[in-house]
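Note: the block below is entry31.txt and it holds compact mmCIF, C-alpha atoms and all ligand atoms.
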```txt
# COMPACT_ATOMS: atom_id res chain seq x y z
CA MET Y 94 51.58 188.63 49.49
CA SER Y 95 53.48 186.34 51.77
CA GLY Y 96 57.01 185.23 52.58
CA LEU Y 97 58.18 181.82 53.75
CA ALA Y 98 57.16 181.33 57.34
CA GLN Y 99 59.50 179.38 59.58
CA PRO Y 100 57.30 176.66 61.10
CA THR Y 101 58.23 176.42 64.73
CA ALA Y 102 58.43 173.45 67.03
CA ARG Y 103 55.92 173.06 69.82
CA THR Y 104 56.71 175.66 72.46
CA GLY Y 105 59.70 174.76 74.57
CA GLU Y 106 60.42 171.63 72.57
CA ASP Y 107 64.05 170.63 72.80
CA ILE Y 108 63.89 166.98 71.67
CA MET Y 109 63.39 167.42 67.94
CA ILE Y 110 63.50 163.78 66.85
CA GLU Y 111 62.08 161.03 68.98
CA ALA Y 112 61.20 157.41 68.30
CA ASN Y 113 59.96 155.41 71.24
CA GLY Y 114 59.57 151.65 70.85
CA VAL Y 115 58.80 152.01 67.13
CA SER Y 116 58.12 148.80 65.23
CA LYS Y 117 57.21 148.32 61.57
CA VAL Y 118 55.93 145.09 60.15
CA PHE Y 119 55.65 144.35 56.41
CA GLY Y 120 53.69 141.10 56.13
CA SER Y 121 55.81 138.54 57.97
CA LEU Y 122 58.89 140.80 58.02
CA ARG Y 123 59.62 142.87 61.12
CA ALA Y 124 61.60 145.70 59.48
CA LEU Y 125 61.85 147.68 62.75
CA ASP Y 126 61.69 146.09 66.17
CA SER Y 127 60.99 148.48 69.05
CA VAL Y 128 63.45 151.17 67.96
CA SER Y 129 64.09 154.11 70.27
CA VAL Y 130 66.28 157.07 69.24
CA SER Y 131 66.25 160.78 69.99
CA ALA Y 132 68.04 163.98 69.01
CA ARG Y 133 68.07 167.36 70.70
CA ARG Y 134 67.72 170.62 68.80
CA GLY Y 135 70.86 171.63 66.89
CA THR Y 136 72.49 168.20 66.97
CA VAL Y 137 73.24 165.44 64.45
CA LEU Y 138 71.97 161.91 64.97
CA ALA Y 139 73.61 159.34 62.68
CA LEU Y 140 71.98 156.05 61.79
CA LEU Y 141 74.45 153.36 60.83
CA GLY Y 142 73.53 149.98 59.47
CA HIS Y 143 74.04 147.64 56.57
CA ASN Y 144 71.68 147.47 53.60
CA GLY Y 145 68.27 146.33 54.76
CA ALA Y 146 68.92 147.17 58.44
CA GLY Y 147 65.86 149.44 58.54
CA LYS Y 148 67.30 152.96 58.13
CA THR Y 149 64.99 154.04 55.30
CA THR Y 150 61.96 152.61 57.07
CA LEU Y 151 62.79 154.62 60.20
CA VAL Y 152 63.35 157.78 58.14
CA ASN Y 153 60.01 157.21 56.37
CA ILE Y 154 58.25 156.91 59.72
CA LEU Y 155 59.93 160.01 61.15
CA THR Y 156 59.01 162.06 58.08
CA ALA Y 157 55.38 160.91 58.33
CA ALA Y 158 55.59 159.10 54.99
CA LEU Y 159 54.82 155.73 56.57
CA PRO Y 160 52.84 155.02 59.76
CA PRO Y 161 54.52 152.92 62.48
CA SER Y 162 52.89 149.55 63.24
CA SER Y 163 53.38 150.28 66.94
CA GLY Y 164 55.29 152.68 69.16
CA ARG Y 165 55.40 156.45 69.08
CA ALA Y 166 57.43 158.84 66.93
CA ALA Y 167 57.50 162.62 67.06
CA VAL Y 168 59.35 165.36 65.21
CA ALA Y 169 59.60 168.91 66.57
CA GLY Y 170 57.09 167.86 69.22
CA PHE Y 171 54.43 166.67 66.75
CA ASP Y 172 53.33 163.07 66.68
CA VAL Y 173 53.86 161.53 63.24
CA ALA Y 174 50.60 159.55 63.42
CA ARG Y 175 48.37 162.27 64.93
CA ASP Y 176 49.83 165.38 63.22
CA PRO Y 177 51.50 164.19 60.01
CA HIS Y 178 50.90 167.56 58.27
CA GLU Y 179 52.61 169.46 61.06
CA VAL Y 180 55.55 167.03 60.86
CA ARG Y 181 55.84 167.34 57.07
CA LYS Y 182 55.93 171.14 57.32
CA ARG Y 183 58.95 170.93 59.57
CA VAL Y 184 61.15 168.39 57.81
CA GLY Y 185 63.52 168.77 54.88
CA LEU Y 186 64.41 165.72 52.85
CA THR Y 187 67.35 165.45 50.52
CA GLY Y 188 67.08 163.38 47.40
CA GLN Y 189 63.98 165.37 46.44
CA PHE Y 190 65.67 167.45 43.81
CA ALA Y 191 65.39 164.78 41.17
CA SER Y 192 61.66 165.50 41.05
CA VAL Y 193 61.98 169.13 39.97
CA ASP Y 194 62.16 170.56 36.50
CA ALA Y 195 65.26 169.59 34.50
CA GLN Y 196 64.55 172.41 32.02
CA LEU Y 197 64.82 175.12 34.68
CA SER Y 198 68.04 176.67 35.99
CA GLY Y 199 69.22 175.91 39.52
CA ARG Y 200 67.92 179.28 40.68
CA ASP Y 201 64.53 178.94 38.99
CA ASN Y 202 64.10 175.51 40.56
CA LEU Y 203 64.66 176.97 44.03
CA VAL Y 204 62.26 179.84 43.22
CA LEU Y 205 59.65 177.32 42.03
CA LEU Y 206 59.97 175.27 45.24
CA ALA Y 207 59.54 178.41 47.34
CA ARG Y 208 56.46 179.37 45.30
CA LEU Y 209 55.05 175.85 45.81
CA LEU Y 210 55.50 176.36 49.55
CA GLY Y 211 53.38 179.50 49.32
CA ALA Y 212 55.91 182.33 49.01
CA ASP Y 213 55.13 185.31 46.77
CA ARG Y 214 57.42 185.97 43.80
CA ARG Y 215 59.66 188.47 45.59
CA SER Y 216 60.16 186.37 48.73
CA ALA Y 217 60.70 183.25 46.61
CA ARG Y 218 63.51 184.96 44.69
CA ALA Y 219 65.00 186.29 47.90
CA ARG Y 220 65.00 182.82 49.48
CA ALA Y 221 66.54 181.26 46.35
CA ASP Y 222 69.33 183.87 46.31
CA GLU Y 223 69.94 183.45 50.01
CA LEU Y 224 70.39 179.69 49.58
CA LEU Y 225 72.51 180.03 46.43
CA GLU Y 226 74.86 182.28 48.39
CA LEU Y 227 74.88 180.04 51.46
CA PHE Y 228 75.86 177.07 49.31
CA GLY Y 229 78.34 178.94 47.10
CA LEU Y 230 76.21 178.25 44.04
CA GLN Y 231 75.84 181.81 42.68
CA ASP Y 232 78.13 181.16 39.72
CA PHE Y 233 76.06 178.14 38.71
CA ALA Y 234 72.63 179.60 39.42
CA ALA Y 235 71.74 180.17 35.76
CA ARG Y 236 72.75 176.66 34.65
CA ARG Y 237 70.46 173.65 34.58
CA PRO Y 238 71.14 171.08 37.33
CA GLY Y 239 71.77 168.45 34.62
CA THR Y 240 75.05 170.21 33.81
CA TYR Y 241 76.24 170.24 37.44
CA SER Y 242 79.02 168.06 38.88
CA GLY Y 243 78.07 165.51 41.57
CA GLY Y 244 79.22 167.85 44.34
CA LEU Y 245 77.20 170.80 42.97
CA ARG Y 246 74.12 168.60 42.59
CA ARG Y 247 74.35 167.51 46.25
CA ARG Y 248 74.67 171.13 47.34
CA LEU Y 249 71.66 172.15 45.25
CA ASP Y 250 69.74 169.15 46.59
CA LEU Y 251 70.49 170.18 50.16
CA ALA Y 252 69.62 173.82 49.34
CA ALA Y 253 66.30 172.62 47.88
CA SER Y 254 65.48 170.71 51.07
CA LEU Y 255 66.01 173.91 53.09
CA VAL Y 256 63.73 176.23 51.11
CA GLY Y 257 60.92 176.01 53.68
CA HIS Y 258 63.22 176.58 56.71
CA PRO Y 259 62.80 173.02 58.07
CA ALA Y 260 63.66 172.52 61.72
CA VAL Y 261 64.80 168.94 61.03
CA VAL Y 262 66.71 167.82 57.94
CA PHE Y 263 67.08 164.20 56.87
CA LEU Y 264 70.29 163.57 54.96
CA ASP Y 265 70.41 160.22 53.23
CA GLU Y 266 73.99 159.27 52.43
CA PRO Y 267 74.83 162.88 51.53
CA THR Y 268 78.40 162.34 50.33
CA THR Y 269 78.26 158.94 48.62
CA GLY Y 270 80.34 159.10 45.47
CA LEU Y 271 81.80 162.56 46.13
CA ASP Y 272 85.49 163.39 45.88
CA PRO Y 273 87.32 164.29 49.15
CA SER Y 274 87.13 168.06 48.71
CA SER Y 275 83.41 168.01 47.84
CA ARG Y 276 82.78 165.80 50.89
CA LEU Y 277 84.62 168.25 53.13
CA ASN Y 278 82.67 171.13 51.61
CA LEU Y 279 79.36 169.41 52.31
CA TRP Y 280 80.42 168.51 55.86
CA GLU Y 281 81.20 172.18 56.53
CA ILE Y 282 77.79 173.20 55.20
CA VAL Y 283 76.10 170.66 57.49
CA GLU Y 284 78.14 171.89 60.46
CA ASP Y 285 77.08 175.51 59.76
CA LEU Y 286 73.47 174.42 59.46
CA VAL Y 287 73.60 172.62 62.80
CA ALA Y 288 75.39 175.55 64.46
CA GLY Y 289 72.40 177.63 63.33
CA GLY Y 290 70.03 175.35 65.29
CA THR Y 291 68.88 172.88 62.61
CA THR Y 292 68.63 169.26 63.75
CA VAL Y 293 69.96 166.64 61.34
CA LEU Y 294 69.34 162.94 60.96
CA LEU Y 295 72.10 161.46 58.85
CA THR Y 296 72.19 158.01 57.35
CA THR Y 297 75.60 157.04 56.16
CA GLN Y 298 77.80 154.09 55.31
CA TYR Y 299 80.89 156.22 55.98
CA LEU Y 300 82.05 155.90 59.53
CA ASP Y 301 84.43 158.84 59.26
CA GLU Y 302 81.41 160.94 58.28
CA ALA Y 303 79.50 159.84 61.40
CA ASP Y 304 82.61 160.38 63.51
CA ARG Y 305 83.02 163.92 62.21
CA LEU Y 306 79.40 165.08 62.16
CA ALA Y 307 77.35 163.08 64.65
CA ASP Y 308 76.65 164.08 68.23
CA SER Y 309 75.09 160.68 68.74
CA ILE Y 310 75.01 157.46 66.76
CA ALA Y 311 72.54 154.59 66.65
CA VAL Y 312 73.70 151.33 65.07
CA LEU Y 313 70.79 149.44 63.50
CA SER Y 314 70.97 145.76 62.70
CA ALA Y 315 68.08 143.66 61.43
CA GLY Y 316 65.61 146.32 62.54
CA ALA Y 317 66.89 146.79 66.09
CA VAL Y 318 69.20 149.34 67.70
CA ILE Y 319 72.15 147.25 68.83
CA ALA Y 320 74.27 150.13 70.14
CA SER Y 321 73.90 153.85 70.65
CA GLY Y 322 75.84 156.72 72.15
CA THR Y 323 78.48 159.24 71.17
CA ALA Y 324 81.29 158.09 68.88
CA ALA Y 325 83.62 158.09 71.90
CA GLU Y 326 81.22 155.98 73.97
CA LEU Y 327 80.80 153.45 71.18
CA LYS Y 328 84.54 153.25 70.65
CA SER Y 329 85.21 152.69 74.32
CA LYS Y 330 82.67 149.86 74.33
CA VAL Y 331 84.45 147.84 71.71
CA GLY Y 332 88.08 148.78 71.83
CA GLN Y 333 90.91 149.85 74.03
CA ARG Y 334 93.37 152.66 73.65
CA THR Y 335 96.95 151.55 73.26
CA VAL Y 336 100.39 153.03 73.19
CA THR Y 337 102.98 151.34 70.99
CA VAL Y 338 106.70 151.86 71.50
CA ALA Y 339 109.67 150.68 69.46
CA PRO Y 340 112.72 150.24 71.70
CA GLU Y 341 116.11 150.97 70.12
CA ASP Y 342 117.64 148.21 67.99
CA GLY Y 343 119.50 145.59 69.96
CA SER Y 344 117.71 146.22 73.23
CA ASP Y 345 116.17 143.20 74.97
CA PRO Y 346 112.35 143.34 74.79
CA ALA Y 347 112.18 141.27 77.99
CA VAL Y 348 114.02 144.02 79.89
CA ALA Y 349 111.67 146.69 78.45
CA CYS Y 350 108.61 144.60 79.34
CA GLU Y 351 109.84 144.03 82.87
CA ALA Y 352 110.29 147.79 83.34
CA ILE Y 353 106.76 148.48 82.08
CA ARG Y 354 105.33 145.76 84.30
CA ARG Y 355 107.10 147.20 87.35
CA ALA Y 356 105.35 150.50 86.55
CA GLY Y 357 101.98 148.72 86.84
CA LEU Y 358 101.05 148.25 83.16
CA GLU Y 359 100.80 145.11 81.05
CA PRO Y 360 102.95 145.04 77.87
CA VAL Y 361 102.56 142.72 74.86
CA VAL Y 362 105.45 142.17 72.45
CA ASP Y 363 104.59 142.44 68.75
CA ARG Y 364 107.45 140.34 67.38
CA ALA Y 365 106.55 140.98 63.74
CA ASN Y 366 107.14 144.72 64.14
CA GLY Y 367 109.64 144.63 66.99
CA THR Y 368 107.35 146.85 69.05
CA ILE Y 369 105.73 146.70 72.47
CA VAL Y 370 102.00 147.42 72.78
CA VAL Y 371 100.51 148.55 76.09
CA VAL Y 372 96.79 148.95 76.78
CA ILE Y 373 96.24 152.29 78.53
CA GLU Y 374 93.26 153.77 80.34
CA ALA Y 375 94.33 157.42 80.26
CA SER Y 376 96.87 159.57 78.39
CA LYS Y 377 99.01 159.81 81.53
CA ASP Y 378 99.68 156.07 81.24
CA ALA Y 379 101.69 156.85 78.09
CA ALA Y 380 104.01 158.99 80.23
CA VAL Y 381 104.29 156.08 82.68
CA VAL Y 382 105.53 153.83 79.83
CA ILE Y 383 108.06 156.40 78.65
CA ARG Y 384 109.38 157.02 82.18
CA ALA Y 385 109.64 153.28 82.85
CA LEU Y 386 111.74 152.72 79.72
CA ASP Y 387 113.83 155.80 80.37
CA GLY Y 388 114.47 154.59 83.93
CA ALA Y 389 115.68 151.25 82.52
CA GLY Y 390 118.04 153.10 80.15
CA ILE Y 391 116.11 152.04 77.02
CA GLU Y 392 115.85 154.55 74.17
CA ILE Y 393 112.57 154.72 72.24
CA THR Y 394 112.80 155.15 68.48
CA GLU Y 395 109.06 155.28 67.81
CA LEU Y 396 105.95 156.09 69.81
CA SER Y 397 102.34 155.97 68.62
CA PHE Y 398 98.83 155.93 70.07
CA GLY Y 399 96.09 153.57 68.98
CA GLU Y 400 92.43 154.56 69.28
CA PRO Y 401 89.58 152.23 68.43
CA THR Y 402 87.81 153.53 65.33
CA LEU Y 403 84.12 153.54 64.48
CA ASP Y 404 85.01 150.86 61.94
CA ASP Y 405 86.01 148.64 64.88
CA VAL Y 406 82.65 149.45 66.49
CA TYR Y 407 80.71 148.63 63.37
CA LEU Y 408 82.56 145.46 62.55
CA THR Y 409 82.31 144.25 66.12
CA LEU Y 410 78.66 145.08 66.67
CA ALA Y 411 76.75 145.00 63.42
CA GLU Y 412 75.57 141.62 62.30
CA ARG Y 413 76.66 141.37 58.73
CA PRO Y 414 74.95 139.32 56.08
CA THR Y 415 77.27 137.22 53.94
CA GLY Y 416 78.88 139.20 51.17
CA PHE Y 417 78.30 142.58 52.79
CA THR Y 418 81.14 145.04 52.40
CA PRO Y 419 80.97 148.16 54.54
N1 LIG Y 501 57.28 148.55 51.54
C1 LIG Y 501 57.92 147.43 51.93
N2 LIG Y 501 57.34 146.22 51.84
C2 LIG Y 501 57.96 145.11 52.25
N3 LIG Y 501 59.20 145.10 52.77
C3 LIG Y 501 59.86 146.26 52.89
C4 LIG Y 501 59.24 147.50 52.48
N4 LIG Y 501 60.14 148.50 52.73
C5 LIG Y 501 61.22 147.92 53.26
N5 LIG Y 501 61.06 146.59 53.36
C6 LIG Y 501 62.03 145.63 53.94
O1 LIG Y 501 62.35 146.08 55.25
C7 LIG Y 501 63.74 145.86 55.56
C8 LIG Y 501 64.40 147.18 55.91
O2 LIG Y 501 64.50 147.97 54.73
P1 LIG Y 501 65.07 149.44 54.69
O3 LIG Y 501 64.92 149.95 53.30
O4 LIG Y 501 64.47 150.23 55.78
O5 LIG Y 501 66.63 149.21 55.03
P2 LIG Y 501 67.85 150.23 54.89
O6 LIG Y 501 68.64 150.09 56.14
O7 LIG Y 501 67.35 151.57 54.54
O8 LIG Y 501 68.65 149.63 53.68
P3 LIG Y 501 69.43 150.40 52.48
O9 LIG Y 501 70.72 150.87 53.08
O10 LIG Y 501 69.60 149.32 51.49
O11 LIG Y 501 68.54 151.51 52.01
C9 LIG Y 501 64.33 145.21 54.32
O12 LIG Y 501 64.32 143.81 54.53
C10 LIG Y 501 63.36 145.58 53.21
O13 LIG Y 501 63.35 144.61 52.19
```

Can you give me the file's structure in the form of structure tokens?
Ligand SMILES: Nc1ncnc2c1ncn2[C@@H]1O[C@H](COP(=O)(O)OP(=O)(O)OP(=O)(O)O)[C@@H](O)[C@H]1O
Amino acid sequence: MSGLAQPTARTGEDIMIEANGVSKVFGSLRALDSVSVSARRGTVLALLGHNGAGKTTLVNILTAALPPSSGRAAVAGFDVARDPHEVRKRVGLTGQFASVDAQLSGRDNLVLLARLLGADRRSARARADELLELFGLQDFAARRPGTYSGGLRRRLDLAASLVGHPAVVFLDEPTTGLDPSSRLNLWEIVEDLVAGGTTVLLTTQYLDEADRLADSIAVLSAGAVIASGTAAELKSKVGQRTVTVAPEDGSDPAVACEAIRRAGLEPVVDRANGTIVVVIEASKDAAVVIRALDGAGIEITELSFGEPTLDDVYLTLAERPTGFTP
């Protein structure tokens, strides 16, 4: 009789996902061109890119479903080309739930998956119940997945991918089509999972999702990584932080601008909104603007900060085919 073993990474392994100069060629098409990405244990790596950028191909290589044409990829310290079985034992893939039995209840499906992974009946039931509780699915355990809402199906799908205690989970667009509260619920589940040491590779079209969940982001375009880093690093590459002030009605914008300039910053007047926009390097520069206007006797009726968003990053960096809508 056996339970579900937790396959471990190679001893001391901290980099759980690594692609090094990975290329993939399909006939005359170079789907991946020398892609390098990595993720440490217990972190989320997000892959962003338009349709056809190469995300699925990279995921297929990292899950040992497809061999790279050249370059090296490893998961949990095991090379995908040399040790594909070891890799497959350690990865969880969402989107797999469609392949299980539609006639079985949610719980019985999880039990069946655990049995297929070699657990005895008792351990399989225990693992199913553990996951049902973790995902708040106890009340739906006896129902068939076909009767579930979209949000419940995604949760069951994610639960199914975790049956074998994978060290690395691949989430392919996990919240597409979900309502805001179901998205939030799934994000919290992913955050708990990562806090527990699981490493996640997330592909998403939602930049707010990458912003919230990802420790690092790689932007893929036409098979190549065109930018990578934390969300903050990517934002600072493409955009500037600004502070926008609205001086009181009737005040002369030229006087306000002169005061800001004397304080060492460069203002721009937005005539359409009657506001003044100042590019700032640090939060303390906002105080400089306020003090400068106060010193000139100008009241401020509105004050706001502008941060570049990941949308700015994506739209600036990613090469977009005609007709593509992010
Ligand atoms: N088995 C294959 N044979 C030939 N070409 C392929 C194969 N798989 C993928 N491609 C091509 O490789 C390129 C990258 O495809 P891939 O599916 O990796 O992109 P993607 O970023 O995952 O896109 P999507 O968001 O649409 O899933 C595309 O041009 C695609 O048509």

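What separates atom CA of Val262 of chain Y from atom CA of Leu408 of chain Y is a distance of 27.8 Å.
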
Do you have, as a tab-separated table, the list of residues of chain Y lying at most 12 Å from ligand LIG 501 (chain Y), each with its nearest atom pair and that distance in Å to one decimal, counting all atoms listed in the file and ordered by chain then number?
```
residue	atom	partner	partner_atom	distance
Y:Ser116	CA	Y:LIG501	O1	11.2
Y:Lys117	CA	Y:LIG501	O1	8.4
Y:Val118	CA	Y:LIG501	N3	8.1
Y:Phe119	CA	Y:LIG501	C2	4.8
Y:Gly120	CA	Y:LIG501	C2	7.0
Y:Ser121	CA	Y:LIG501	C2	9.0
Y:Leu122	CA	Y:LIG501	N3	6.8
Y:Arg123	CA	Y:LIG501	O1	7.2
Y:Ala124	CA	Y:LIG501	O1	4.3
Y:Leu125	CA	Y:LIG501	C8	7.3
Y:Asp126	CA	Y:LIG501	C8	10.7
Y:Leu140	CA	Y:LIG501	O6	8.9
Y:Leu141	CA	Y:LIG501	O6	8.2
Y:Gly142	CA	Y:LIG501	O6	5.9
Y:His143	CA	Y:LIG501	O9	5.8
Y:Asn144	CA	Y:LIG501	O10	3.5
Y:Gly145	CA	Y:LIG501	O5	3.3
Y:Ala146	CA	Y:LIG501	O6	3.7
Y:Gly147	CA	Y:LIG501	O4	3.2
Y:Lys148	CA	Y:LIG501	O6	3.7
Y:Thr149	CA	Y:LIG501	O7	3.5
Y:Thr150	CA	Y:LIG501	O4	3.7
Y:Leu151	CA	Y:LIG501	O4	6.5
Y:Val152	CA	Y:LIG501	O4	8.0
Y:Asn153	CA	Y:LIG501	O4	8.3
Y:Ile154	CA	Y:LIG501	O4	9.9
Y:Ala158	CA	Y:LIG501	N1	11.2
Y:Leu159	CA	Y:LIG501	N1	9.1
Y:Pro160	CA	Y:LIG501	N1	11.4
Y:Asp265	CA	Y:LIG501	O11	9.0
Y:Glu266	CA	Y:LIG501	O9	9.0
Y:Thr269	CA	Y:LIG501	O9	11.9
Y:Leu295	CA	Y:LIG501	O7	11.8
Y:Thr296	CA	Y:LIG501	O9	8.4
Y:Thr297	CA	Y:LIG501	O9	8.4
Y:Gln298	CA	Y:LIG501	O9	8.1
Y:Tyr299	CA	Y:LIG501	O9	11.9
Y:Val312	CA	Y:LIG501	O6	10.3
Y:Leu313	CA	Y:LIG501	O6	7.7
Y:Ser314	CA	Y:LIG501	O6	8.2
Y:Ala315	CA	Y:LIG501	C8	7.5
Y:Gly316	CA	Y:LIG501	C8	6.8
Y:Ala317	CA	Y:LIG501	C8	10.5
Y:Val318	CA	Y:LIG501	O6	11.6
Y:Pro414	CA	Y:LIG501	O12	11.6
Y:Phe417	CA	Y:LIG501	O10	11.1
Y:Thr418	CA	Y:LIG501	O9	12.0
Y:Pro419	CA	Y:LIG501	O9	10.7
```

*Separation of atom CA of Pro267 of chain Y from atom CA of Thr187 of chain Y in Å*: 8.0 Å

*Which is closest to Leu210 of chain Y among Y:Gly343, Y:Gly270, Y:Gly114, Y:Pro259, if we use all atoms listed in the file?*
Y:Pro259

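Atom pair atom CA of Arg200 of chain Y / atom CA of Tyr241 of chain Y: separated by 12.7 Å.
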
*List every protein, DNA or RNA residue that has at least one atom no more than 10 Å from (72.0, 165.1, 65.8) in the file's coordinates, counting all atoms listed in the file, and write the result as JSON, numbers by chain.*
{"Y": [109, 110, 131, 132, 133, 134, 135, 136, 137, 138, 139, 140, 261, 262, 287, 291, 292, 293, 294, 295, 306, 307, 308, 309, 310]}

_Within 10 Å of Ile373 of chain Y using all atoms listed in the file, minus same-chain residues under 2 positions, as a list of chain:residue names_ = Y:Gln333, Y:Arg334, Y:Thr335, Y:Val336, Y:Leu358, Y:Glu359, Y:Pro360, Y:Val370, Y:Val371, Y:Ala375, Y:Ser376, Y:Lys377, Y:Asp378, Y:Ala379, Y:Val381, Y:Val382, Y:Phe398, Y:Gly399

Output, as JSON, the centre and edge lengths in Å (one decimal) of the axis-aligned box that contains all listed atoms of segment 220-235 of chain Y with 3 Å of margin on each side.
```
{"center_x": 71.7, "center_y": 180.5, "center_z": 43.6, "size_x": 19.3, "size_y": 12.8, "size_z": 21.7}
```

_Which residues are near Glu179 of chain Y? Cut-off 12 Å, all atoms listed in the file, ignore same chain within fewer than 6 positions. Put them as a ChimeraX atom specification._
/Y:100-103,155-157,167-173,259-260

*For Glu111 of chain Y, which residue out of Y:Thr368, Y:Leu386, Y:Val130, Y:Asp405 is the nearest one, using all atoms listed in the file?*
Y:Val130

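Distances to Leu227 of chain Y were evaluated for Y:Leu209, Y:Ala303, Y:Ala347, Y:Leu286 using all atoms listed in the file, and the minimum falls at Y:Leu286.
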
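Considering all atoms listed in the file, the residue among Y:Gly290, Y:Pro273, Y:Glu302, Y:Ser163 positioned nearest to Asp107 of chain Y is Y:Gly290.
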
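In terms of minimum interatomic distance to Asp250 of chain Y, Y:Leu206 ranks closest within Y:Ile369, Y:Leu300, Y:Ala288, Y:Leu206, counting only C-alpha atoms.
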
*Nearby residues (all atoms listed in the file) at most 9 Å from Leu224 of chain Y, same-chain spacing under 5 positions excluded, as a ChimeraX atom specification*: /Y:203,219,229-230,249,252-253,255-256
